[in-house]
$ cat protein18.cif   # mmCIF, C-alpha atoms
data_query
#
loop_
_atom_site.group_PDB
_atom_site.id
_atom_site.type_symbol
_atom_site.label_atom_id
_atom_site.label_comp_id
_atom_site.auth_asym_id
_atom_site.auth_seq_id
_atom_site.Cartn_x
_atom_site.Cartn_y
_atom_site.Cartn_z
ATOM 1 C CA MET A 23 0.000 0.000 0.000
ATOM 2 C CA ASN A 24 1.536 3.279 -1.118
ATOM 3 C CA GLU A 25 1.228 6.608 0.619
ATOM 4 C CA ALA A 26 -0.691 8.948 -1.674
ATOM 5 C CA LEU A 27 -1.254 11.850 0.693
ATOM 6 C CA SER A 28 0.041 12.955 4.057
ATOM 7 C CA MET A 29 -0.984 16.261 5.560
ATOM 8 C CA THR A 30 -1.697 18.035 8.805
ATOM 9 C CA LEU A 31 -4.656 20.358 8.759
ATOM 10 C CA PRO A 32 -6.115 22.806 11.224
ATOM 11 C CA ARG A 33 -9.317 21.704 12.927
ATOM 12 C CA THR A 34 -11.378 24.031 10.731
ATOM 13 C CA PHE A 35 -13.757 23.735 7.791
ATOM 14 C CA ALA A 36 -11.204 25.597 5.659
ATOM 15 C CA GLY A 37 -8.748 22.827 6.537
ATOM 16 C CA LEU A 38 -11.316 20.227 5.491
ATOM 17 C CA ALA A 39 -11.818 21.977 2.129
ATOM 18 C CA GLN A 40 -8.072 21.935 1.543
ATOM 19 C CA LEU A 41 -7.900 18.229 2.413
ATOM 20 C CA SER A 42 -10.801 17.386 0.071
ATOM 21 C CA GLU A 43 -9.097 19.154 -2.810
ATOM 22 C CA ARG A 44 -5.743 17.450 -2.258
ATOM 23 C CA ALA A 45 -7.375 14.059 -1.765
ATOM 24 C CA GLY A 46 -9.241 14.525 -5.055
ATOM 25 C CA GLN A 47 -5.964 15.216 -6.839
ATOM 26 C CA ALA A 48 -4.252 12.182 -5.264
ATOM 27 C CA LEU A 49 -7.175 9.879 -6.144
ATOM 28 C CA ALA A 50 -7.131 11.104 -9.754
ATOM 29 C CA GLU A 51 -3.353 10.650 -10.010
ATOM 30 C CA ALA A 52 -3.740 7.069 -8.762
ATOM 31 C CA ALA A 53 -6.502 6.431 -11.351
ATOM 32 C CA VAL A 54 -8.995 5.479 -8.655
ATOM 33 C CA ASP A 55 -12.447 4.968 -10.214
ATOM 34 C CA ALA A 56 -15.055 7.673 -9.767
ATOM 35 C CA LYS A 57 -17.345 5.609 -7.540
ATOM 36 C CA THR A 58 -14.586 4.773 -5.074
ATOM 37 C CA ALA A 59 -13.244 8.338 -5.172
ATOM 38 C CA TYR A 60 -16.715 9.627 -4.339
ATOM 39 C CA ALA A 61 -16.979 7.257 -1.361
ATOM 40 C CA VAL A 62 -13.543 8.362 -0.118
ATOM 41 C CA GLN A 63 -14.601 12.012 -0.310
ATOM 42 C CA VAL A 64 -17.808 11.306 1.640
ATOM 43 C CA VAL A 65 -15.854 9.415 4.324
ATOM 44 C CA ILE A 66 -13.340 12.276 4.598
ATOM 45 C CA GLU A 67 -16.107 14.886 4.811
ATOM 46 C CA GLU A 68 -18.013 13.007 7.494
ATOM 47 C CA LEU A 69 -15.107 11.911 9.683
ATOM 48 C CA VAL A 70 -13.230 15.219 9.576
ATOM 49 C CA SER A 71 -16.327 17.391 10.039
ATOM 50 C CA ASN A 72 -17.205 15.201 13.014
ATOM 51 C CA ILE A 73 -13.773 15.868 14.519
ATOM 52 C CA ILE A 74 -14.180 19.611 13.905
ATOM 53 C CA ARG A 75 -17.704 19.820 15.369
ATOM 54 C CA HIS A 76 -17.197 17.539 18.327
ATOM 55 C CA GLY A 77 -13.507 18.007 18.944
ATOM 56 C CA GLN A 78 -13.778 21.237 20.886
ATOM 57 C CA GLY A 79 -12.048 21.025 24.220
ATOM 58 C CA GLY A 80 -9.022 19.190 22.887
ATOM 59 C CA ASP A 81 -5.542 20.618 22.937
ATOM 60 C CA ALA A 82 -4.944 23.899 21.156
ATOM 61 C CA GLY A 83 -1.917 24.639 19.012
ATOM 62 C CA PRO A 84 -0.182 22.049 16.849
ATOM 63 C CA ASP A 85 -1.577 19.181 18.912
ATOM 64 C CA GLY A 86 -5.058 20.434 18.054
ATOM 65 C CA ASP A 87 -4.521 19.715 14.375
ATOM 66 C CA ILE A 88 -5.758 16.696 12.465
ATOM 67 C CA GLN A 89 -3.186 14.388 10.894
ATOM 68 C CA VAL A 90 -4.288 12.568 7.765
ATOM 69 C CA LEU A 91 -2.621 9.813 5.786
ATOM 70 C CA MET A 92 -4.175 8.303 2.668
ATOM 71 C CA ALA A 93 -2.707 5.175 1.106
ATOM 72 C CA ILE A 94 -3.854 3.459 -2.072
ATOM 73 C CA ASP A 95 -3.304 0.005 -3.518
ATOM 74 C CA SER A 96 -4.988 -2.129 -6.141
ATOM 75 C CA ALA A 97 -7.766 -3.237 -3.790
ATOM 76 C CA ALA A 98 -8.548 -0.323 -1.515
ATOM 77 C CA VAL A 99 -8.028 3.222 -0.311
ATOM 78 C CA GLN A 100 -6.975 3.442 3.326
ATOM 79 C CA LEU A 101 -7.462 6.560 5.454
ATOM 80 C CA HIS A 102 -5.726 7.130 8.788
ATOM 81 C CA LEU A 103 -6.899 10.086 10.865
ATOM 82 C CA ALA A 104 -5.425 11.206 14.188
ATOM 83 C CA ASP A 105 -6.547 14.055 16.422
ATOM 84 C CA SER A 106 -6.193 15.032 20.058
ATOM 85 C CA GLY A 107 -9.816 15.984 20.712
ATOM 86 C CA PRO A 108 -12.043 14.291 23.277
ATOM 87 C CA ALA A 109 -12.251 10.515 22.918
ATOM 88 C CA PHE A 110 -14.848 9.512 20.325
ATOM 89 C CA ASP A 111 -15.276 6.193 18.549
ATOM 90 C CA PRO A 112 -17.139 6.707 15.247
ATOM 91 C CA ALA A 113 -17.430 2.958 14.774
ATOM 92 C CA ALA A 114 -19.450 2.638 17.985
ATOM 93 C CA ALA A 115 -21.832 5.567 17.462
ATOM 94 C CA PRO A 116 -25.494 4.482 17.499
ATOM 95 C CA GLU A 117 -27.214 3.868 14.172
ATOM 96 C CA PRO A 118 -29.887 6.410 13.259
ATOM 97 C CA GLU A 119 -33.470 5.259 12.841
ATOM 98 C CA LEU A 120 -33.920 5.325 9.075
ATOM 99 C CA ASP A 121 -37.050 3.229 8.642
ATOM 100 C CA VAL A 122 -39.436 5.774 10.101
ATOM 101 C CA PRO A 123 -41.908 8.148 8.389
ATOM 102 C CA LEU A 124 -40.687 11.542 7.185
ATOM 103 C CA GLU A 125 -42.309 13.322 10.125
ATOM 104 C CA ALA A 126 -40.309 11.239 12.621
ATOM 105 C CA ARG A 127 -37.031 11.270 10.713
ATOM 106 C CA GLN A 128 -34.032 12.704 12.600
ATOM 107 C CA VAL A 129 -30.951 14.006 10.815
ATOM 108 C CA GLY A 130 -28.393 13.227 13.524
ATOM 109 C CA GLY A 131 -26.155 10.211 13.068
ATOM 110 C CA LEU A 132 -26.567 10.085 9.305
ATOM 111 C CA GLY A 133 -22.949 11.014 8.573
ATOM 112 C CA LEU A 134 -21.460 8.135 10.541
ATOM 113 C CA HIS A 135 -24.074 5.806 9.050
ATOM 114 C CA LEU A 136 -22.755 6.783 5.597
ATOM 115 C CA VAL A 137 -19.170 6.185 6.761
ATOM 116 C CA ARG A 138 -20.009 2.720 8.070
ATOM 117 C CA SER A 139 -21.940 1.910 4.870
ATOM 118 C CA MET A 140 -19.104 2.972 2.582
ATOM 119 C CA THR A 141 -16.177 1.397 4.421
ATOM 120 C CA GLU A 142 -15.019 -2.188 4.393
ATOM 121 C CA HIS A 143 -13.325 -1.727 7.763
ATOM 122 C CA LEU A 144 -13.614 1.081 10.285
ATOM 123 C CA THR A 145 -11.487 0.844 13.426
ATOM 124 C CA TYR A 146 -10.777 3.165 16.323
ATOM 125 C CA GLU A 147 -8.111 3.372 18.994
ATOM 126 C CA ARG A 148 -7.356 5.875 21.737
ATOM 127 C CA VAL A 149 -3.563 6.051 22.003
ATOM 128 C CA ASN A 150 -1.571 8.552 24.079
ATOM 129 C CA GLY A 151 -4.488 10.957 24.233
ATOM 130 C CA GLN A 152 -5.149 10.733 20.500
ATOM 131 C CA ASN A 153 -8.129 9.423 18.578
ATOM 132 C CA ARG A 154 -6.874 7.206 15.760
ATOM 133 C CA VAL A 155 -9.344 6.128 13.116
ATOM 134 C CA ASN A 156 -8.577 3.777 10.244
ATOM 135 C CA ALA A 157 -11.074 3.533 7.398
ATOM 136 C CA ARG A 158 -10.692 1.183 4.447
ATOM 137 C CA ILE A 159 -12.745 1.820 1.311
ATOM 138 C CA ALA A 160 -12.729 -1.053 -1.193
ATOM 139 C CA ARG A 161 -12.065 -0.066 -4.797
ATOM 140 C CA GLN A 162 -15.150 -0.739 -6.896
ATOM 141 C CA VAL A 163 -14.108 -0.905 -10.555
ATOM 142 C CA GLY A 164 -11.167 -0.248 -12.810
ATOM 143 C CA VAL A 165 -8.703 -1.799 -10.389
ATOM 144 C CA GLN A 166 -5.150 -0.920 -11.382
ATOM 145 C CA ALA A 167 -1.885 -2.620 -10.613
ATOM 146 C CA ASP A 168 -0.063 -1.332 -7.527
ATOM 147 C CA GLN A 169 1.317 2.116 -8.193
ATOM 148 C CA MET B 5 -22.975 26.101 -4.902
ATOM 149 C CA GLN B 6 -25.819 27.642 -6.830
ATOM 150 C CA ILE B 7 -29.582 27.597 -6.502
ATOM 151 C CA GLN B 8 -31.734 28.484 -9.480
ATOM 152 C CA VAL B 9 -35.481 29.021 -9.591
ATOM 153 C CA ILE B 10 -36.763 27.196 -12.663
ATOM 154 C CA GLU B 11 -40.400 27.992 -11.965
ATOM 155 C CA GLN B 12 -42.502 29.345 -9.140
ATOM 156 C CA ASN B 13 -46.241 29.882 -9.223
ATOM 157 C CA ASP B 14 -49.196 29.601 -6.851
ATOM 158 C CA THR B 15 -48.976 25.827 -6.598
ATOM 159 C CA LEU B 16 -45.392 24.805 -7.327
ATOM 160 C CA THR B 17 -41.758 25.660 -6.698
ATOM 161 C CA HIS B 18 -39.204 24.129 -9.073
ATOM 162 C CA LEU B 19 -35.570 24.593 -8.044
ATOM 163 C CA ALA B 20 -32.289 23.421 -9.552
ATOM 164 C CA LEU B 21 -29.149 23.072 -7.458
ATOM 165 C CA ALA B 22 -25.659 23.012 -8.958
ATOM 166 C CA GLY B 23 -22.241 22.349 -7.458
ATOM 167 C CA LYS B 24 -21.017 20.552 -4.356
ATOM 168 C CA LEU B 25 -23.546 20.115 -1.573
ATOM 169 C CA ASP B 26 -20.798 19.669 1.004
ATOM 170 C CA ILE B 27 -20.514 21.663 4.238
ATOM 171 C CA ALA B 28 -19.452 24.843 2.459
ATOM 172 C CA GLY B 29 -22.107 24.387 -0.212
ATOM 173 C CA VAL B 30 -24.897 23.873 2.307
ATOM 174 C CA HIS B 31 -23.839 26.995 4.210
ATOM 175 C CA GLU B 32 -23.971 28.967 0.960
ATOM 176 C CA ILE B 33 -27.529 28.051 0.021
ATOM 177 C CA ASP B 34 -29.210 26.884 3.228
ATOM 178 C CA VAL B 35 -31.108 30.101 3.981
ATOM 179 C CA LYS B 36 -32.286 30.557 0.388
ATOM 180 C CA PHE B 37 -33.269 26.915 0.076
ATOM 181 C CA HIS B 38 -35.370 27.096 3.239
ATOM 182 C CA ALA B 39 -37.002 30.294 1.993
ATOM 183 C CA TYR B 40 -37.946 28.752 -1.355
ATOM 184 C CA THR B 41 -39.188 25.481 0.154
ATOM 185 C CA ALA B 42 -40.315 25.692 3.790
ATOM 186 C CA GLY B 43 -41.023 29.406 3.362
ATOM 187 C CA ARG B 44 -43.388 28.995 0.411
ATOM 188 C CA ARG B 45 -45.064 25.830 1.748
ATOM 189 C CA LEU B 46 -45.863 24.588 -1.756
ATOM 190 C CA ASN B 47 -45.146 21.362 -3.613
ATOM 191 C CA THR B 48 -41.486 21.500 -4.581
ATOM 192 C CA VAL B 49 -39.355 19.839 -7.251
ATOM 193 C CA VAL B 50 -35.622 19.878 -6.491
ATOM 194 C CA ASP B 51 -33.493 19.121 -9.560
ATOM 195 C CA LEU B 52 -30.169 17.602 -8.456
ATOM 196 C CA SER B 53 -28.841 16.767 -11.941
ATOM 197 C CA GLN B 54 -26.059 19.360 -11.640
ATOM 198 C CA VAL B 55 -25.070 18.447 -8.073
ATOM 199 C CA GLU B 56 -21.643 16.784 -8.047
ATOM 200 C CA PHE B 57 -21.432 15.804 -4.374
ATOM 201 C CA ILE B 58 -23.714 15.355 -1.402
ATOM 202 C CA ALA B 59 -23.038 14.175 2.146
ATOM 203 C CA SER B 60 -25.020 14.103 5.379
ATOM 204 C CA LEU B 61 -25.376 17.847 5.859
ATOM 205 C CA GLY B 62 -26.902 18.263 2.389
ATOM 206 C CA ILE B 63 -29.218 15.320 2.970
ATOM 207 C CA GLY B 64 -30.177 16.838 6.309
ATOM 208 C CA MET B 65 -31.096 20.091 4.564
ATOM 209 C CA LEU B 66 -33.357 18.201 2.155
ATOM 210 C CA ILE B 67 -34.977 16.173 4.956
ATOM 211 C CA GLY B 68 -35.530 19.240 7.131
ATOM 212 C CA CYS B 69 -37.307 21.118 4.354
ATOM 213 C CA ALA B 70 -39.292 18.057 3.250
ATOM 214 C CA LYS B 71 -40.514 17.664 6.856
ATOM 215 C CA SER B 72 -41.495 21.303 7.006
ATOM 216 C CA LEU B 73 -43.408 21.035 3.721
ATOM 217 C CA SER B 74 -45.146 17.899 4.930
ATOM 218 C CA LYS B 75 -46.413 19.707 8.033
ATOM 219 C CA HIS B 76 -48.207 22.103 5.699
ATOM 220 C CA GLY B 77 -49.605 19.452 3.382
ATOM 221 C CA ALA B 78 -47.014 19.963 0.646
ATOM 222 C CA LYS B 79 -44.526 17.507 -0.869
ATOM 223 C CA MET B 80 -40.964 17.490 -2.122
ATOM 224 C CA VAL B 81 -39.719 15.436 -5.066
ATOM 225 C CA ILE B 82 -36.043 14.976 -5.977
ATOM 226 C CA LEU B 83 -35.415 15.072 -9.734
ATOM 227 C CA ASN B 84 -32.690 13.331 -11.731
ATOM 228 C CA PRO B 85 -29.677 12.938 -9.421
ATOM 229 C CA HIS B 86 -26.658 11.278 -11.044
ATOM 230 C CA GLU B 87 -25.688 7.769 -10.003
ATOM 231 C CA ALA B 88 -23.285 8.561 -7.154
ATOM 232 C CA ILE B 89 -25.707 11.052 -5.620
ATOM 233 C CA ARG B 90 -28.562 8.586 -5.958
ATOM 234 C CA GLU B 91 -26.510 5.932 -4.171
ATOM 235 C CA VAL B 92 -25.928 8.216 -1.186
ATOM 236 C CA LEU B 93 -29.637 9.084 -1.103
ATOM 237 C CA THR B 94 -30.400 5.357 -1.096
ATOM 238 C CA LEU B 95 -27.875 4.598 1.681
ATOM 239 C CA SER B 96 -29.532 7.362 3.699
ATOM 240 C CA GLN B 97 -32.966 5.937 2.865
ATOM 241 C CA LEU B 98 -33.998 9.429 1.829
ATOM 242 C CA ASP B 99 -35.632 7.823 -1.187
ATOM 243 C CA MET B 100 -38.007 6.004 1.182
ATOM 244 C CA ILE B 101 -39.476 9.262 2.463
ATOM 245 C CA VAL B 102 -38.926 11.697 -0.424
ATOM 246 C CA PRO B 103 -39.596 10.401 -3.969
ATOM 247 C CA VAL B 104 -36.575 10.374 -6.292
ATOM 248 C CA VAL B 105 -37.528 10.390 -9.992
ATOM 249 C CA ASP B 106 -35.857 10.676 -13.385
ATOM 250 C CA THR B 107 -38.185 12.966 -15.332
ATOM 251 C CA GLN B 108 -40.317 16.049 -14.894
ATOM 252 C CA ALA B 109 -43.409 14.021 -15.840
ATOM 253 C CA GLN B 110 -42.669 11.528 -13.051
ATOM 254 C CA ALA B 111 -42.183 14.404 -10.626
ATOM 255 C CA GLU B 112 -45.555 15.887 -11.551
ATOM 256 C CA ALA B 113 -47.208 12.477 -11.174
ATOM 257 C CA LYS B 114 -45.713 12.034 -7.680
ATOM 258 C CA LEU B 115 -46.884 15.486 -6.631
ATOM 259 C CA ALA B 116 -50.388 14.735 -7.941
ATOM 260 C CA GLU B 117 -50.694 11.567 -5.826
ATOM 261 C CA ALA B 118 -53.065 11.859 -2.901
#
$ encode --input "protein18.cif" --output "structure tokens"
Amino acid sequence: MNEALSMTLPRTFAGLAQLSERAGQALAEAAVDAKTAYAVQVVIEELVSNIIRHGQGGDAGPDGDIQVLMAIDSAAVQLHLADSGPAFDPAAAPEPELDVPLEARQVGGLGLHLVRSMTEHLTYERVNGQNRVNARIARQVGVQADQ
Amino acid sequence: MQIQVIEQNDTLTHLALAGKLDIAGVHEIDVKFHAYTAGRRLNTVVDLSQVEFIASLGIGMLIGCAKSLSKHGAKMVILNPHEAIREVLTLSQLDMIVPVVDTQAQAEAKLAEA
């Protein structure tokens, strides 16, 4: 599995926008199919925005940043995210109630539901005061040889 | 992110969205979208054919406005999203509570249903 992107971004929505743009470039350079690339972008948007929204109270300064590594091989795209916000396991968040009428439908929890639906593996660890999330998105079509 | 009014009359609002309905995109159009949908309280067609990306915040905006319309006896129909968008709508089960159709004629038929 080859490292396609490594960056540290501020815990801000501007940082997320920068990450999305650079991830899009890296996915295109690695000839990742459009369907997989779309899933990767959704997973990035949901996981990082969750860190930004719910990560208040963590360390300020450099330790308050989000570290991102994206690796790509012929079978999957792997994302590794680390941040020093309050402990939060996205893999263990409760599933939203989706099979209810429109009037009873709640919006909360939908983002992590999408992440769980689009990932082959989603794991979480709390290590040395850091949240570490690994998300593996299987490549759908147009699988290439290892870069 | 852009929002365009295709048609608005006494019974219908027809909107077309274009661009990325990510966090930044939702923040750009959220107020206008609510005004055109929940504010007018009329049956609404939302054309997503020019939307390149949607995630949970964009889906939440659609659900929130569809709920508001429903409270006032009006409906929302999603028109012609491309495949990747449609897949996210399906994963979210939005399509179970807000009809997703391919053509204007199908949208009109859904809005005419009792």
$ residues_around --input "protein18.cif" --residues "stretch 140-156 of chain A" --least-positions-apart "5" --cutoff "6 Å" --atoms "all atoms listed in the file" --output "PyMOL selection string"
chain A and resi 101-106+111
$ closest_atom_pairs --input "protein18.cif" --of "chain B" --to "chain A" --cutoff "12 Å" --atoms "only C-alpha atoms" --output "CSV"
residue,atom,partner,partner_atom,distance
B:Lys24,CA,A:Ala39,CA,11.3
B:Leu25,CA,A:Val64,CA,11.0
B:Asp26,CA,A:Glu67,CA,7.7
B:Ile27,CA,A:Phe35,CA,7.9
B:Ala28,CA,A:Phe35,CA,7.9
B:Gly29,CA,A:Ala39,CA,10.8
B:His31,CA,A:Phe35,CA,11.2
B:Glu56,CA,A:Tyr60,CA,9.4
B:Phe57,CA,A:Tyr60,CA,7.8
B:Ile58,CA,A:Val64,CA,7.8
B:Ala59,CA,A:Val64,CA,6.0
B:Ser60,CA,A:Gly133,CA,4.9
B:Leu61,CA,A:Gly133,CA,7.7
B:Gly62,CA,A:Val129,CA,10.3
B:Ile63,CA,A:Val129,CA,8.1
B:Gly64,CA,A:Val129,CA,5.4
B:Met65,CA,A:Val129,CA,8.7
B:Leu66,CA,A:Val129,CA,9.9
B:Ile67,CA,A:Val129,CA,7.4
B:Gly68,CA,A:Val129,CA,7.9
B:Cys69,CA,A:Leu124,CA,10.5
B:Ala70,CA,A:Leu124,CA,7.7
B:Lys71,CA,A:Glu125,CA,5.7
B:Ser72,CA,A:Glu125,CA,8.6
B:Leu73,CA,A:Glu125,CA,10.1
B:Ser74,CA,A:Glu125,CA,7.5
B:Lys75,CA,A:Glu125,CA,7.9
B:His76,CA,A:Glu125,CA,11.5
B:Gly77,CA,A:Glu125,CA,11.7
B:Lys79,CA,A:Leu124,CA,10.7
B:Met80,CA,A:Leu124,CA,11.0
B:His86,CA,A:Lys57,CA,11.5
B:Glu87,CA,A:Lys57,CA,9.0
B:Ala88,CA,A:Lys57,CA,6.6
B:Ile89,CA,A:Tyr60,CA,9.2
B:Arg90,CA,A:Lys57,CA,11.7
B:Glu91,CA,A:Lys57,CA,9.8
B:Val92,CA,A:Leu136,CA,7.6
B:Leu93,CA,A:Leu136,CA,9.9
B:Thr94,CA,A:Leu136,CA,10.3
B:Leu95,CA,A:Leu136,CA,6.8
B:Ser96,CA,A:Leu132,CA,6.9
B:Gln97,CA,A:Leu120,CA,6.3
B:Leu98,CA,A:Leu120,CA,8.3
B:Asp99,CA,A:Leu124,CA,10.5
B:Met100,CA,A:Asp121,CA,8.0
B:Ile101,CA,A:Leu124,CA,5.4
B:Val102,CA,A:Leu124,CA,7.8
B:Pro103,CA,A:Leu124,CA,11.3
$ resolve_selection --input "protein18.cif" --expression "the PyMOL selection byres ((chain B and resi 110-118) around 9)" --output "PDB file with C-alpha atoms, in the frame of the given file"
ATOM      1  CA  ASN B  47     -45.146  21.362  -3.613  1.00  0.00           C
ATOM      2  CA  THR B  48     -41.486  21.500  -4.581  1.00  0.00           C
ATOM      3  CA  VAL B  49     -39.355  19.839  -7.251  1.00  0.00           C
ATOM      4  CA  ALA B  78     -47.014  19.963   0.646  1.00  0.00           C
ATOM      5  CA  LYS B  79     -44.526  17.507  -0.869  1.00  0.00           C
ATOM      6  CA  MET B  80     -40.964  17.490  -2.122  1.00  0.00           C
ATOM      7  CA  VAL B  81     -39.719  15.436  -5.066  1.00  0.00           C
ATOM      8  CA  ILE B  82     -36.043  14.976  -5.977  1.00  0.00           C
ATOM      9  CA  LEU B  83     -35.415  15.072  -9.734  1.00  0.00           C
ATOM     10  CA  PRO B 103     -39.596  10.401  -3.969  1.00  0.00           C
ATOM     11  CA  VAL B 104     -36.575  10.374  -6.292  1.00  0.00           C
ATOM     12  CA  VAL B 105     -37.528  10.390  -9.992  1.00  0.00           C
ATOM     13  CA  ASP B 106     -35.857  10.676 -13.385  1.00  0.00           C
ATOM     14  CA  THR B 107     -38.185  12.966 -15.332  1.00  0.00           C
ATOM     15  CA  GLN B 108     -40.317  16.049 -14.894  1.00  0.00           C
ATOM     16  CA  ALA B 109     -43.409  14.021 -15.840  1.00  0.00           C
TER      17      ALA B 109
END
$ residues_near_point --input "protein18.cif" --point "(-34.2, 20.1, -11.8)" --cutoff "8 Å" --atoms "all atoms listed in the file" --output "VMD selection string"
chain B and resid 10 18 to 21 49 to 53 82 to 84 108
$ residues_around --input "protein18.cif" --residues "stretch 84-94 of chain A" --least-positions-apart "6" --cutoff "9 Å" --atoms "all atoms listed in the file" --output "VMD selection string"
chain A and resid 23 to 34 41 45 48 to 49 52 54 70 73 77 100 to 107 168 to 169
$ residues_around --input "protein18.cif" --residues "A:Ala98" --least-positions-apart "6" --cutoff "7 Å" --atoms "all atoms listed in the file" --output "list in words"
Arg158, Ile159, Ala160 and Arg161 of chain A
$ atom_distance --input "protein18.cif" --atom1 "atom CA of B:Asp34" --atom2 "atom CA of B:Thr17"
16.0 Å
$ atom_distance --input "protein18.cif" --atom1 "atom CA of B:Ala22" --atom2 "atom CA of B:Gln6"
5.1 Å
$ atom_distance --input "protein18.cif" --atom1 "atom CA of A:Glu51" --atom2 "atom CA of A:Asp95"
12.5 Å
$ axis_aligned_box --input "protein18.cif" --around "stretch 35-48 of chain B" --padding-each-side "4 Å" --output "JSON"
{"center_x": -38.5, "center_y": 26.0, "center_z": -0.3, "size_x": 22.8, "size_y": 17.2, "size_z": 16.6}
